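*Asks:* Have a look at this one before I ask anything.
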Amino acid sequence: MNTSAAPQNSPESISDLRAQREFKFAEYLKRGGTSYPNDFKPTATAAELSTLYADTTLYSQQALIDTPTPTYSLAGRLMLLRSFGKLIFARIQDASGQFQITVSLDASGPEVFALFNDCTDIGDILGVTGHISRTNKGELSLHVESFAILTKGLQPLPDKYHGIADIEARYRQRYLDLIMNPDVRATFTARSRAITAIRGFLDSHGYLEVETPVLQHQAGGASARPFSTHHNALDIPLNLRIAPELFLKRLLVGGFERVYELSRNFRNEGISIKHNPEFTMLEFYCAYGTREDAMTFMEDMLRHTVQTVCGTTKITYAEGEIDFAPAFTRMTMRDALLTKAGFTEADLEHVDSLATAAKAKGVPVPTPMVPYGELFQLCFEELVEKQLIQPTYIMDYPIETSPLVRQIPGRPGWTQRAELYIAGREHGEFYSELNDPIDQRSRFMAQIEKAKAGNAEAMPFDHDFLHALETGMPPAFGVGLGIDRLAMLLTNQPSIRDVLLFPLLRPKAD
């Protein structure tokens with residue numbers, strides 16, 4: 001007889017449980033059941049039935065005998081099973097939620113009752129057909145008149161009261177996590193809705209969605225270490241892209257004035273709560289636009305997205321509230337160091353004074369010494385970044401860390417770059433794009449020198465991209481927005497792994 005006792009998922013018992021399930025499935029087939037059929041068609045979902053009969057006062061005998069409802073077919077996974085002699089209560093879970101079903105010896109008939117009682121297990125995917133009623137306690141139920149085991153769950157589900165206690169196991173077996181935890185399903189539904197909202201916003205403003213190569217001869221467009229591979233037929237080395245930027249800019253050269261791509265990017269770097277080697281980035285480019293135009297556009301797009309996904313422009317993240325309604329704060333990186341990190345104008349005068357002040361504040365100053373711009377940005381990242389909770393644009397980055405960005409007129413060494421910080425993390429980058437091929441050539445040469453000095457993340461010299469710039473690229477803005485981090489924000493998740501269906505993990509030892 002089926003009981004409500006949760007399966008014991010210790011390694012010693014799983015093999016026994018599987019054997020019991022295989023025996024039940026064999027018994028089901030022996031009694032005329034079909035193995036893994038594909039002809040059952042549900043006519044309603046759990047949510048539809050709950051909504052349709054939300055205001056009714058049907059009770060079981062009245063509904064079944066005097067005023068029967070239409071017959072409905074429901075399909076889903078069996079999540080709860082209670083047997084009380086001649087009556088079985090169970091719950092079916094589909095993509096929309098759960099719905100109670102009942103099987104009784106009298107109303108369902110002895111054959112259906114016995115087959116259900118003897119052959120089903122929690123975790124099976126069932127197709128059930130019957131009428132809607134209410135139990136004596138007033139709970140909506142589908143009273144089963146016929147059923148089929150559509151898929152036998154040979155492996156037991158985790159204990160419903162404890163779930164998957166091991167966080168790493170949740171990531172490794174995400175399918176179990178999704179089955180057992182409605183909140184996890186809601187997180188990934190919200191992520192999908194955010195991407196849909198972003199696409200719709202860009203489409204409505206005249207942007208064209210495009211696709212650019214993932215396999216590239218040179219991995220450019222960002223400072224990062226690529227993954228390398230080899231194409232056998234052409235016998236050439238290739239890299240997985242680290243960013244789509246240089247190909248999207250080629251499209252600006254070709255005459256597309258507004259383009260975007262939701263790209264999967266790959267960077268051979270460390271794994272943390274903020275980083276996964278494979279991640280999703282939105283990049284979009286607009287001819288004849290500036291960094292300031294890009295920032296204003298992003299504010300509007302994020303308000304639209306947050307409102308669409310969350311139903312409000314105020315969201316909770318960690319223990320605080322983030323409000324997207326007001327205009328985002330804008331400040332230069334220099335002002336941020338002066339006002340939020342306690343540096344003085346004298347500290348920022350040159351690399352030596354900056355290094356001395358940085359060490360006094362606990363910044364890990366590299367040895368040997370890096371160029372002024374790199375140390376300047378490192379100080380910001382170490383001392384200021386975590387303070388920026390409400391949406392804040394940090395502007396005017398050093399040229400040493402911005403090889404593809406237009407310089408600020410009259411301020412050599414500083415670029416028209418901005419980054420968006422929310423909840424103490426960087427979420428996006430905004431550029432007035434560099435379209436001067438002479439300046440770009442010198443930037444590429446500087447990157448070559450970095451590579452020679454041992455910097456594995458230095459950008460390669462892309463001769464074809466330079467040729468494209470020499471053909472003529474219109475002035476433009478460019479934006480990169482991290483989709484994974486945005487999903488963390490919208491769903492109040494602390495780790496990037498919580499918004500990736502299948503994050504990268506070290507293989508489990510056998």
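A note on labels: chains of the structure tokens are A, B, ... as shown, every chain counts residues from 1, and ligands are counted from 1 in their shown order.
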Using DSSP on the backbone coordinates, identify the residues of segment 66-202 of chain A assigned to strand (DSSP E or B); present them as an MDAnalysis selection string.
*Replies:* chainID A and resid 72:84 87:94 97:104 125:134 140:151
*Asks:* Within segment 369-405 of chain A, find each residue whose DSSP state, derived from the backbone, is alpha helix (DSSP H), and express the selection as a ChimeraX atom specification.
*Replies:* /A:372-383
*Asks:* Those same residues - C-alpha atoms - I'd like them written as an mmCIF file, in the first residue's frame.
*Replies:*
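After the write, selection31.cif holds the following:
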data_model
loop_
_atom_site.group_PDB
_atom_site.id
_atom_site.type_symbol
_atom_site.label_atom_id
_atom_site.label_comp_id
_atom_site.auth_asym_id
_atom_site.auth_seq_id
_atom_site.Cartn_x
_atom_site.Cartn_y
_atom_site.Cartn_z
ATOM 1 C CA TYR A 372 48.869 54.986 -12.968
ATOM 2 C CA GLY A 373 45.502 54.341 -14.629
ATOM 3 C CA GLU A 374 45.427 50.684 -13.612
ATOM 4 C CA LEU A 375 46.258 51.535 -9.986
ATOM 5 C CA PHE A 376 43.679 54.350 -10.043
ATOM 6 C CA GLN A 377 40.950 51.913 -11.095
ATOM 7 C CA LEU A 378 42.152 49.247 -8.639
ATOM 8 C CA CYS A 379 41.733 51.720 -5.775
ATOM 9 C CA PHE A 380 38.166 52.386 -6.877
ATOM 10 C CA GLU A 381 37.346 48.687 -7.117
ATOM 11 C CA GLU A 382 38.823 47.908 -3.703
ATOM 12 C CA LEU A 383 37.469 50.870 -1.748
#
*Asks:* Considering only C-alpha atoms, return as a list in words whatever protein or nucleic-acid residues lie within 12 Å of Asp300 of chain A, sequence-local ones (same chain, fewer than 5 positions apart) excluded.
*Replies:*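 Contacts, in chain order: Ala197, Ile198, Phe201, Leu202, His205, Asp293, Ala294, Met295, Thr305, Val306, Gln307, Thr313, Phe324, Ala325, Pro326, Ala327 and Phe328 of chain A.
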*Asks:* If we count only C-alpha atoms and set the cut-off at 10 Å, which residues sit around segment 272-284 of chain A, ignoring sequence neighbours fewer than 3 positions away in its own chain? Please answer as a ChimeraX atom specification.
*Replies:* /A:195,198-199,202,207-210,226-227,242-245,248-249,258-269,294,425-426,428-430,477-485,488,493-498,500,503-505
*Asks:* Atoms to include: N, CA and C atoms. Write the selected residues as a short mmCIF file (atom, residue, chain, number, x, y, z; two decimals), in the first residue's frame.
*Replies:*
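Listed below is the output, again28.cif:
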data_model
loop_
_atom_site.label_atom_id
_atom_site.label_comp_id
_atom_site.auth_asym_id
_atom_site.auth_seq_id
_atom_site.Cartn_x
_atom_site.Cartn_y
_atom_site.Cartn_z
N ILE A 195 14.60 38.82 -19.93
CA ILE A 195 15.19 38.81 -21.27
C ILE A 195 14.14 39.17 -22.31
N ILE A 198 13.59 42.92 -22.17
CA ILE A 198 14.71 43.64 -22.79
C ILE A 198 14.63 43.57 -24.31
N ARG A 199 14.39 42.38 -24.82
CA ARG A 199 14.26 42.22 -26.27
C ARG A 199 13.15 43.13 -26.82
N LEU A 202 14.23 46.85 -26.82
CA LEU A 202 15.18 47.17 -27.89
C LEU A 202 14.50 47.11 -29.26
N TYR A 207 16.08 48.62 -32.78
CA TYR A 207 17.30 47.82 -32.78
C TYR A 207 17.05 46.48 -33.47
N LEU A 208 18.06 46.01 -34.18
CA LEU A 208 17.99 44.74 -34.91
C LEU A 208 18.79 43.69 -34.15
N GLU A 209 18.15 42.57 -33.81
CA GLU A 209 18.88 41.49 -33.15
C GLU A 209 19.69 40.71 -34.17
N VAL A 210 20.96 40.46 -33.86
CA VAL A 210 21.87 39.79 -34.79
C VAL A 210 22.61 38.69 -34.04
N PRO A 226 40.97 33.82 -23.08
CA PRO A 226 39.98 33.01 -23.79
C PRO A 226 40.18 31.52 -23.59
N PHE A 227 39.16 30.76 -23.95
CA PHE A 227 39.29 29.31 -24.10
C PHE A 227 39.73 29.03 -25.54
N ILE A 242 35.11 36.02 -26.15
CA ILE A 242 35.01 36.63 -24.83
C ILE A 242 34.03 37.79 -24.85
N ALA A 243 33.71 38.30 -26.05
CA ALA A 243 32.73 39.38 -26.22
C ALA A 243 32.41 39.49 -27.70
N PRO A 244 31.20 39.96 -28.05
CA PRO A 244 30.84 40.12 -29.46
C PRO A 244 31.18 41.50 -30.02
N GLU A 245 31.82 42.35 -29.23
CA GLU A 245 31.94 43.77 -29.54
C GLU A 245 32.50 44.07 -30.92
N LEU A 248 30.10 43.31 -33.74
CA LEU A 248 28.95 44.21 -33.77
C LEU A 248 29.36 45.58 -34.34
N LYS A 249 30.57 46.01 -34.04
CA LYS A 249 31.05 47.28 -34.61
C LYS A 249 31.27 47.15 -36.12
N ARG A 258 21.60 50.35 -35.61
CA ARG A 258 21.21 49.94 -34.26
C ARG A 258 21.15 48.42 -34.22
N VAL A 259 22.07 47.81 -33.48
CA VAL A 259 22.14 46.34 -33.43
C VAL A 259 22.31 45.90 -31.98
N TYR A 260 21.84 44.68 -31.71
CA TYR A 260 22.08 44.10 -30.39
C TYR A 260 22.22 42.60 -30.50
N GLU A 261 22.88 42.03 -29.48
CA GLU A 261 23.04 40.59 -29.41
C GLU A 261 23.02 40.16 -27.95
N LEU A 262 22.23 39.15 -27.66
CA LEU A 262 22.27 38.47 -26.37
C LEU A 262 23.20 37.28 -26.54
N SER A 263 24.42 37.44 -26.11
CA SER A 263 25.47 36.49 -26.48
C SER A 263 25.93 35.65 -25.30
N ARG A 264 26.28 34.40 -25.61
CA ARG A 264 26.96 33.56 -24.65
C ARG A 264 28.45 33.80 -24.82
N ASN A 265 29.10 34.25 -23.77
CA ASN A 265 30.52 34.54 -23.79
C ASN A 265 31.27 33.58 -22.88
N PHE A 266 32.57 33.44 -23.14
CA PHE A 266 33.37 32.43 -22.44
C PHE A 266 34.70 33.06 -22.05
N ARG A 267 34.98 33.05 -20.76
CA ARG A 267 36.24 33.61 -20.28
C ARG A 267 36.90 32.62 -19.34
N ASN A 268 38.16 32.33 -19.62
CA ASN A 268 38.90 31.31 -18.88
C ASN A 268 39.45 31.92 -17.59
N GLU A 269 38.52 32.17 -16.68
CA GLU A 269 38.88 32.87 -15.45
C GLU A 269 38.32 32.11 -14.25
N ALA A 294 23.55 56.66 -24.01
CA ALA A 294 23.48 55.25 -23.61
C ALA A 294 23.01 55.12 -22.17
N ARG A 425 27.85 45.97 -7.01
CA ARG A 425 28.44 45.21 -8.11
C ARG A 425 28.31 45.97 -9.41
N GLU A 426 29.28 45.75 -10.28
CA GLU A 426 29.21 46.32 -11.64
C GLU A 426 28.23 45.50 -12.46
N GLY A 428 27.03 46.92 -15.82
CA GLY A 428 27.07 47.23 -17.25
C GLY A 428 28.14 48.26 -17.56
N GLU A 429 28.51 48.30 -18.84
CA GLU A 429 29.51 49.26 -19.31
C GLU A 429 28.92 50.09 -20.45
N PHE A 430 29.36 51.36 -20.54
CA PHE A 430 28.79 52.31 -21.49
C PHE A 430 29.94 53.11 -22.09
N PHE A 477 27.52 54.93 -29.66
CA PHE A 477 27.71 54.43 -28.30
C PHE A 477 27.58 52.92 -28.30
N GLY A 478 28.19 52.31 -27.30
CA GLY A 478 28.08 50.86 -27.10
C GLY A 478 27.78 50.56 -25.65
N VAL A 479 27.01 49.50 -25.43
CA VAL A 479 26.60 49.12 -24.08
C VAL A 479 26.79 47.62 -23.90
N GLY A 480 27.30 47.24 -22.75
CA GLY A 480 27.33 45.83 -22.35
C GLY A 480 26.63 45.68 -21.01
N LEU A 481 25.67 44.77 -20.92
CA LEU A 481 24.90 44.55 -19.69
C LEU A 481 24.96 43.08 -19.33
N GLY A 482 25.39 42.76 -18.11
CA GLY A 482 25.46 41.38 -17.65
C GLY A 482 24.08 40.85 -17.29
N ILE A 483 23.59 39.90 -18.07
CA ILE A 483 22.25 39.36 -17.85
C ILE A 483 22.19 38.53 -16.57
N ASP A 484 23.22 37.77 -16.28
CA ASP A 484 23.22 36.92 -15.10
C ASP A 484 23.16 37.75 -13.82
N ARG A 485 23.94 38.81 -13.77
CA ARG A 485 23.93 39.66 -12.57
C ARG A 485 22.60 40.41 -12.45
N MET A 488 20.26 38.01 -10.91
CA MET A 488 20.50 37.93 -9.47
C MET A 488 19.78 39.05 -8.74
N GLN A 493 18.98 36.90 -5.45
CA GLN A 493 19.84 35.73 -5.30
C GLN A 493 21.27 36.17 -4.99
N PRO A 494 21.96 35.50 -4.07
CA PRO A 494 23.29 35.95 -3.65
C PRO A 494 24.42 35.49 -4.57
N SER A 495 24.17 34.46 -5.38
CA SER A 495 25.25 33.88 -6.19
C SER A 495 24.80 33.73 -7.64
N ILE A 496 25.75 33.92 -8.54
CA ILE A 496 25.45 33.76 -9.96
C ILE A 496 25.00 32.33 -10.27
N ARG A 497 25.45 31.36 -9.47
CA ARG A 497 25.05 29.97 -9.71
C ARG A 497 23.56 29.78 -9.51
N ASP A 498 22.94 30.66 -8.71
CA ASP A 498 21.51 30.53 -8.43
C ASP A 498 20.64 31.01 -9.59
N LEU A 500 21.87 30.50 -12.91
CA LEU A 500 22.30 29.69 -14.05
C LEU A 500 21.72 28.30 -13.88
N PRO A 503 25.33 25.71 -13.82
CA PRO A 503 26.63 26.34 -13.66
C PRO A 503 27.76 25.33 -13.79
N LEU A 504 28.93 25.83 -14.18
CA LEU A 504 30.08 24.96 -14.33
C LEU A 504 30.59 24.50 -12.97
N LEU A 505 30.80 23.20 -12.83
CA LEU A 505 31.31 22.61 -11.59
C LEU A 505 32.43 21.63 -11.93
#
*Asks:* Excluding Val309 of chain A and any residue of its chain fewer than 2 positions from it, enumerate the residues within 12 Å of it, using only C-alpha atoms, and give them as number ranges by chain.
*Replies:* A: 186-198, 302-307, 311-315, 486-487, 489-491
